[in-house]
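**Q** Got a file for you: model-v4.txt, compact mmCIF, C-alpha atoms.
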```txt
# COMPACT_ATOMS: atom_id res chain seq x y z
CA MET A 1 0.00 0.00 0.00
CA GLU A 2 1.98 2.96 -1.30
CA ARG A 3 0.28 5.48 0.96
CA LEU A 4 2.27 4.02 3.87
CA HIS A 5 5.94 4.61 4.62
CA LYS A 6 7.99 1.48 5.16
CA ASN A 7 7.74 2.09 8.89
CA GLY A 8 3.95 1.96 8.64
CA ILE A 9 3.40 5.70 9.15
CA LEU A 10 1.01 7.51 6.84
CA ASP A 11 2.63 9.79 4.29
CA LEU A 12 0.41 12.84 4.76
CA GLY A 13 2.54 15.66 3.43
CA THR A 14 1.53 19.26 4.12
CA LYS A 15 -0.88 20.12 1.30
CA VAL A 16 -4.62 19.48 1.45
CA ILE A 17 -7.36 19.50 -1.16
CA THR A 18 -11.13 19.79 -1.03
CA VAL A 19 -13.29 17.03 -2.45
CA ARG A 20 -16.82 18.22 -3.15
CA VAL A 21 -19.24 15.30 -3.12
CA GLY A 22 -22.82 15.46 -4.38
CA GLN A 23 -24.81 17.93 -6.40
CA GLU A 24 -24.43 21.59 -5.56
CA PRO A 25 -25.74 23.34 -3.52
CA SER A 26 -26.55 20.33 -1.30
CA HIS A 27 -23.01 18.99 -1.57
CA THR A 28 -20.61 17.97 1.21
CA ASP A 29 -16.99 19.13 1.25
CA PHE A 30 -14.20 16.90 2.54
CA THR A 31 -10.68 18.13 3.31
CA VAL A 32 -8.08 15.45 2.58
CA HIS A 33 -4.29 15.42 2.51
CA GLU A 34 -3.26 15.54 -1.13
CA SER A 35 -0.28 13.22 -0.82
CA LEU A 36 -2.35 10.56 0.92
CA ILE A 37 -5.19 10.42 -1.58
CA ARG A 38 -2.93 10.69 -4.64
CA LYS A 39 -0.84 7.71 -3.54
CA SER A 40 -3.95 5.60 -3.03
CA SER A 41 -6.15 6.74 -5.92
CA PRO A 42 -5.16 6.69 -9.61
CA PHE A 43 -8.06 9.06 -10.33
CA PHE A 44 -6.88 11.74 -7.91
CA GLU A 45 -3.28 11.23 -8.99
CA ALA A 46 -4.27 12.00 -12.57
CA ALA A 47 -6.54 14.91 -11.67
CA LEU A 48 -3.95 16.65 -9.50
CA SER A 49 -0.75 15.91 -11.39
CA ARG A 50 -1.59 17.90 -14.52
CA GLN A 51 -2.35 21.55 -15.18
CA TRP A 52 -6.05 20.94 -14.88
CA ARG A 53 -8.50 23.17 -13.09
CA GLU A 54 -8.68 20.70 -10.19
CA ALA A 55 -4.96 21.05 -9.53
CA THR A 56 -5.08 24.84 -9.73
CA GLU A 57 -8.19 25.33 -7.60
CA ARG A 58 -7.31 22.54 -5.16
CA LEU A 59 -10.87 21.31 -5.62
CA VAL A 60 -12.11 18.02 -7.06
CA LYS A 61 -15.83 17.59 -7.65
CA LEU A 62 -17.65 14.26 -7.52
CA PRO A 63 -21.25 15.31 -8.21
CA GLU A 64 -22.59 11.78 -8.68
CA ALA A 65 -20.95 10.27 -5.59
CA ASP A 66 -22.65 9.71 -2.25
CA ALA A 67 -21.35 11.76 0.68
CA GLN A 68 -21.87 9.05 3.29
CA ALA A 69 -20.06 6.52 1.14
CA PHE A 70 -17.18 8.93 0.53
CA LYS A 71 -16.96 9.48 4.28
CA LEU A 72 -16.23 5.75 4.61
CA TYR A 73 -13.48 6.09 2.02
CA VAL A 74 -11.86 8.99 3.86
CA HIS A 75 -12.00 7.03 7.11
CA TRP A 76 -10.26 4.11 5.40
CA LEU A 77 -7.61 6.39 3.89
CA TYR A 78 -6.52 7.53 7.33
CA THR A 79 -7.03 4.34 9.33
CA GLY A 80 -6.86 1.41 6.91
CA HIS A 81 -10.12 0.10 8.36
CA PRO A 82 -13.67 0.29 6.99
CA ASN A 83 -16.03 1.97 9.43
CA ILE A 84 -19.30 0.21 8.66
CA PHE A 85 -20.12 -1.73 11.80
CA ILE A 86 -22.80 -0.77 14.31
CA THR A 87 -21.75 -2.06 17.70
CA GLY A 88 -24.89 -1.44 19.75
CA ASN A 89 -25.58 -4.16 22.27
CA PRO A 90 -24.53 -7.53 20.81
CA HIS A 91 -26.52 -9.36 23.49
CA SER A 92 -29.72 -7.39 23.03
CA SER A 93 -32.93 -9.40 23.01
CA ASP A 94 -34.41 -7.00 20.45
CA ARG A 95 -34.02 -9.21 17.40
CA THR A 96 -35.80 -6.70 15.17
CA GLN A 97 -33.29 -3.97 15.98
CA LEU A 98 -30.35 -6.32 15.47
CA VAL A 99 -31.64 -7.26 12.01
CA LYS A 100 -32.07 -3.56 11.17
CA ASP A 101 -28.48 -2.91 12.25
CA ARG A 102 -27.23 -5.73 10.05
CA GLU A 103 -29.21 -4.33 7.10
CA ILE A 104 -27.62 -0.91 7.60
CA GLU A 105 -24.15 -2.45 7.77
CA LEU A 106 -24.63 -4.44 4.58
CA THR A 107 -25.96 -1.36 2.80
CA LYS A 108 -22.90 0.62 3.91
CA LEU A 109 -20.63 -2.17 2.68
CA VAL A 110 -22.26 -2.16 -0.75
CA GLN A 111 -22.32 1.63 -1.05
CA GLY A 112 -18.74 1.88 0.16
CA TYR A 113 -17.54 -0.70 -2.33
CA LEU A 114 -19.31 0.96 -5.26
CA LEU A 115 -17.89 4.34 -4.24
CA GLY A 116 -14.43 2.85 -4.83
CA ASP A 117 -15.00 3.11 -8.58
CA TYR A 118 -14.77 6.92 -8.41
CA PRO A 119 -11.21 7.07 -7.02
CA GLN A 120 -10.40 3.82 -8.89
CA ASP A 121 -8.89 2.55 -5.65
CA CYS A 122 -8.49 -1.21 -5.91
CA ASP A 123 -6.94 -1.58 -2.44
CA TYR A 124 -9.99 0.07 -0.92
CA LYS A 125 -12.42 -2.18 -2.75
CA ASP A 126 -10.43 -5.27 -1.82
CA THR A 127 -10.45 -4.21 1.83
CA LEU A 128 -14.24 -3.84 1.63
CA ALA A 129 -14.51 -7.29 0.03
CA ASP A 130 -12.56 -8.76 2.96
CA ALA A 131 -14.78 -6.88 5.41
CA PHE A 132 -17.81 -8.31 3.61
CA LEU A 133 -16.48 -11.84 4.15
CA GLU A 134 -15.89 -11.15 7.84
CA TRP A 135 -19.35 -9.65 8.15
CA GLY A 136 -20.92 -12.56 6.28
CA SER A 137 -19.16 -15.16 8.43
CA ARG A 138 -20.89 -13.68 11.46
CA PHE A 139 -24.27 -12.49 10.24
CA TRP A 140 -25.07 -14.41 7.04
CA SER A 141 -28.29 -15.91 8.42
CA GLY A 142 -29.60 -12.60 9.76
CA LEU A 143 -30.99 -11.29 6.48
CA ALA A 144 -33.96 -12.67 4.59
CA GLN A 145 -33.40 -10.89 1.28
CA PRO A 146 -29.71 -10.19 0.61
CA PHE A 147 -30.44 -10.14 -3.13
CA LYS A 148 -32.13 -6.75 -2.81
CA HIS A 149 -28.63 -5.28 -3.04
CA ALA A 150 -28.17 -6.89 -6.46
CA ALA A 151 -29.80 -4.00 -8.35
CA PRO A 152 -27.34 -1.25 -7.30
CA ILE A 153 -24.40 -3.64 -7.67
CA TYR A 154 -25.33 -4.82 -11.16
CA SER A 155 -26.24 -1.33 -12.39
CA SER A 156 -22.86 0.04 -11.27
CA THR A 157 -20.52 -2.78 -12.31
CA THR A 158 -19.67 -4.78 -15.41
CA LYS A 159 -19.72 -8.48 -16.19
CA GLY A 160 -17.04 -10.35 -14.27
CA SER A 161 -16.93 -7.91 -11.36
CA PRO A 162 -15.95 -9.78 -8.18
CA VAL A 163 -18.63 -8.00 -6.14
CA ARG A 164 -21.25 -9.49 -8.47
CA GLU A 165 -19.98 -12.95 -7.65
CA LEU A 166 -19.95 -12.02 -3.98
CA ILE A 167 -23.63 -11.01 -3.82
CA VAL A 168 -24.62 -14.08 -5.86
CA ASP A 169 -22.70 -16.38 -3.51
CA PHE A 170 -24.20 -14.63 -0.50
CA THR A 171 -27.73 -15.11 -1.84
CA LEU A 172 -27.01 -18.70 -2.83
CA TRP A 173 -25.54 -19.69 0.53
CA THR A 174 -28.41 -18.13 2.47
CA GLN A 175 -31.12 -19.61 0.25
CA ARG A 176 -32.67 -21.62 3.06
CA HIS A 177 -33.15 -18.32 4.91
CA THR A 178 -33.98 -16.31 1.82
CA CYS A 179 -37.56 -15.16 1.35
CA TRP A 180 -38.46 -14.52 -2.29
CA ASP A 181 -42.08 -13.66 -1.46
CA GLY A 182 -43.23 -10.26 -2.64
CA VAL A 183 -40.32 -9.81 -5.04
CA GLY A 184 -41.45 -8.69 -8.48
CA ASP A 185 -39.79 -9.88 -11.67
CA ASP A 186 -38.73 -6.31 -12.43
CA GLU A 187 -36.95 -5.83 -9.09
CA LEU A 188 -33.99 -8.08 -9.87
CA PRO A 189 -31.59 -7.58 -12.79
CA ASN A 190 -31.77 -10.31 -15.43
CA ALA A 191 -27.99 -10.65 -15.30
CA PHE A 192 -28.18 -11.34 -11.56
CA LEU A 193 -30.84 -14.02 -12.03
CA CYS A 194 -28.78 -15.69 -14.77
CA ASP A 195 -25.65 -15.62 -12.60
CA TYR A 196 -27.63 -17.00 -9.66
CA ILE A 197 -29.00 -19.91 -11.70
CA ARG A 198 -25.55 -20.77 -13.05
CA ALA A 199 -24.04 -20.58 -9.57
CA ARG A 200 -26.77 -22.80 -8.13
CA GLU A 201 -26.21 -25.42 -10.82
CA ALA A 202 -22.45 -25.32 -10.14
CA LYS A 203 -23.04 -25.64 -6.40
CA ASP A 204 -25.22 -28.72 -6.93
CA ARG A 205 -22.33 -30.36 -8.81
CA ASP A 206 -19.63 -29.35 -6.31
CA VAL A 207 -19.64 -31.18 -2.98
CA ALA A 208 -17.19 -28.70 -1.43
CA ALA A 209 -19.36 -25.76 -2.45
CA ARG A 210 -22.46 -27.42 -1.01
CA ASN A 211 -20.87 -28.00 2.37
CA SER A 212 -18.64 -24.96 2.83
CA SER A 213 -19.74 -21.36 3.20
CA PRO A 214 -17.90 -18.98 0.85
CA PHE A 215 -17.42 -16.68 3.84
CA PHE A 216 -15.11 -19.26 5.39
CA ARG A 217 -13.82 -20.97 2.24
CA PHE A 218 -12.50 -17.75 0.68
CA LYS A 219 -11.70 -15.80 3.85
CA GLY A 220 -8.08 -14.65 3.78
CA THR A 221 -7.79 -15.26 0.03
CA CYS A 222 -7.95 -12.93 -2.97
CA HIS A 223 -10.94 -14.71 -4.50
CA TYR A 224 -13.19 -11.63 -4.49
CA HIS A 225 -10.41 -9.09 -5.03
CA CYS A 226 -10.15 -6.84 -8.08
CA HIS A 227 -6.37 -6.37 -8.18
CA SER A 228 -5.92 -9.03 -10.87
CA ASP A 229 -2.18 -9.63 -11.36
CA ASP A 230 -1.20 -6.60 -9.27
CA THR A 231 0.05 -7.01 -5.74
CA CYS A 232 -2.59 -7.53 -3.06
CA TYR A 233 -2.82 -4.76 -0.49
CA ARG A 234 -1.91 -7.28 2.21
CA GLU A 235 1.45 -7.97 0.56
CA ASP A 236 2.24 -4.26 0.32
CA ILE A 237 2.04 -3.91 4.10
CA ASP A 238 5.32 -4.59 5.86
CA SER A 239 3.86 -5.51 9.24
CA ASP A 240 0.96 -7.84 10.02
CA ASP A 241 -0.07 -5.27 12.62
CA ASP A 242 -1.04 -2.89 9.81
CA ILE A 243 -3.29 -5.38 8.03
CA PRO A 244 -6.97 -4.75 8.87
CA HIS A 245 -8.07 -7.18 11.59
CA PHE A 246 -11.82 -7.09 11.38
CA ASP A 247 -12.24 -8.92 14.69
CA SER A 248 -11.33 -5.67 16.41
CA LEU A 249 -14.32 -3.98 14.81
CA PHE A 250 -16.80 -6.22 16.61
CA PRO A 251 -17.66 -6.22 20.31
CA GLU A 252 -16.56 -9.41 22.03
CA GLY A 253 -18.90 -12.27 21.32
CA ILE A 254 -20.99 -10.52 18.70
CA SER A 255 -22.44 -12.82 16.07
CA ASP A 256 -25.71 -13.59 14.42
CA ASP A 257 -26.39 -16.30 16.97
CA LYS A 258 -26.53 -13.88 19.87
```
As structure tokens, please, write out the structure in this file.
**A**
Amino acid sequence: MERLHKNGILDLGTKVITVRVGQEPSHTDFTVHESLIRKSSPFFEAALSRQWREATERLVKLPEADAQAFKLYVHWLYTGHPNIFITGNPHSSDRTQLVKDREIELTKLVQGYLLGDYPQDCDYKDTLADAFLEWGSRFWSGLAQPFKHAAPIYSSTTKGSPVRELIVDFTLWTQRHTCWDGVGDDELPNAFLCDYIRAREAKDRDVAARNSSPFFRFKGTCHYHCHSDDTCYREDIDSDDDIPHFDSLFPEGISDDK
């Protein structure tokens, strides 16, 4: 991860820029260290390295981006951790509230991942994919309709995107908990339904896939990463202490079974 020095300290520099997110005048401005975001994002590196208006005005506008999702990205830039989890009371008897919290977390994961296309930050998206696996390993049975996130994912990504496979696998693995009642034919993308059918047929033929959750089978791997042949963000980090440990983001003992 180039935004880190070899000693694990963030390379912040002294210059800052403003990132204006959303449509004006209801936009949100974020102040970010230029060196940090340029080293992590090819988009910002290109926008600020040439004699473009953005470089001169120290202002980059993202009118189509979501401010809450960009806030997650900024948090990750400075900490290396995604801030999507709602701690609350893991031992609460209010099952309805716990399910609502899980829904909010999954929505934040999806929105945060899709936001990563604006800065073209592969490390960020791969970190979110790993967080998704950690989240899924704990709460996969807590949602009745995970496929409702398929529409924004499929409308914002292209064929072969790892996050498409991720939401298909999530839906497939939770099918015994999944409730399809009340879902209209026009609510789910045709491409998602085709991918789901193909994945289900493959699962029926694969004993390992039938008996092993993808959240555990692919945890700690690059299966859902987008870096292709490039180095994984984990390998770019000199110390294991700097690799995101998602266990620390959960209160002790929190899981879907509580």
**Q** Smallest atom-to-atom distance to Asp66 (chain A): which of A:Ile37, A:Val19, A:Arg53, A:Thr96, using only C-alpha atoms?
**A** A:Val19
**Q** A:Ala191, A:Val32, A:Ile167, A:Ile17: which is nearest Thr107 (chain A), counting all atoms listed in the file?
**A**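 For Thr107 (chain A), the nearest of the candidates is A:Ile167.
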**Q** CA of Thr127 (chain A) and CA of Tyr224 (chain A) are how many Å apart?
**A** 10.1 Å
**Q** For Cys222 (chain A), which residue among A:Glu201, A:Asp126, A:Asp206, A:Glu134 is the nearest when counting all atoms listed in the file?
**A**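 Of A:Glu201, A:Asp126, A:Asp206, A:Glu134, the one nearest Cys222 (chain A) is A:Asp126, counting all atoms listed in the file.
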**Q** Kindly give the distance, in Å, that separates CA of Lys159 (chain A) and CA of His227 (chain A), rounded to a single decimal.
**A**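 Interatomic distance here is 15.7 Å.
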**Q** Select, from A:Tyr78, A:Tyr233, A:Phe215, A:Phe139, the residue with the minimum atom-to-atom distance to Leu10 (chain A), counting only C-alpha atoms.
**A**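 For Leu10 (chain A), the nearest of the candidates is A:Tyr78.
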**Q** When you count only C-alpha atoms, which of these residues is closest to Ala65 (chain A): A:Phe216, A:Tyr196, A:Tyr118, A:Phe147?
**A**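 Residue with the minimum atom-to-atom distance to Ala65 (chain A): A:Tyr118.
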**Q** Using only C-alpha atoms, which of A:Leu172, A:Leu166, A:Val99, A:Cys232 sits nearest Phe132 (chain A)?
**A** A:Leu166
**Q** Please list as a PyMOL selection string every residue within 10 Å of Phe170 (chain A), counting all atoms listed in the file and excluding residues in the same chain fewer than 3 positions away.
**A** chain A and resi 132-133+136+140-141+146-147+164-167+173-175+213-215
**Q** What is the CA of Leu188 (chain A)-CA of Ala129 (chain A) distance in Å, reported with one decimal?
**A**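 Here the two named atoms are 21.9 Å from each other.
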**Q** Find the residues with any atom within 12 Å of (-21.6, 22.3, -0.9); use all atoms listed in the file and the coordinates as given in the file, and write the answer as an MDAnalysis selection string.
**A** chainID A and resid 18:30 59 61:63 67
**Q** Using only C-alpha atoms, which residues sit within 8 Å of Ala69 (chain A) once same-chain residues fewer than 6 positions away are excluded, as a ChimeraX atom specification?
**A** /A:108,111-112,115
**Q** How would you write as a list in words the residues that get within 10 Å of (-27.7, -4.3, 3.0) in the file's frame, counting only C-alpha atoms?
**A**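 Here is the list of nearby residues: Lys100, Asp101, Arg102, Glu103, Ile104, Glu105, Leu106, Thr107, Lys108, Leu109, Val110, Gln111, Leu143, Gln145, Pro146, Phe147, Lys148, His149 and Ala150 of chain A.
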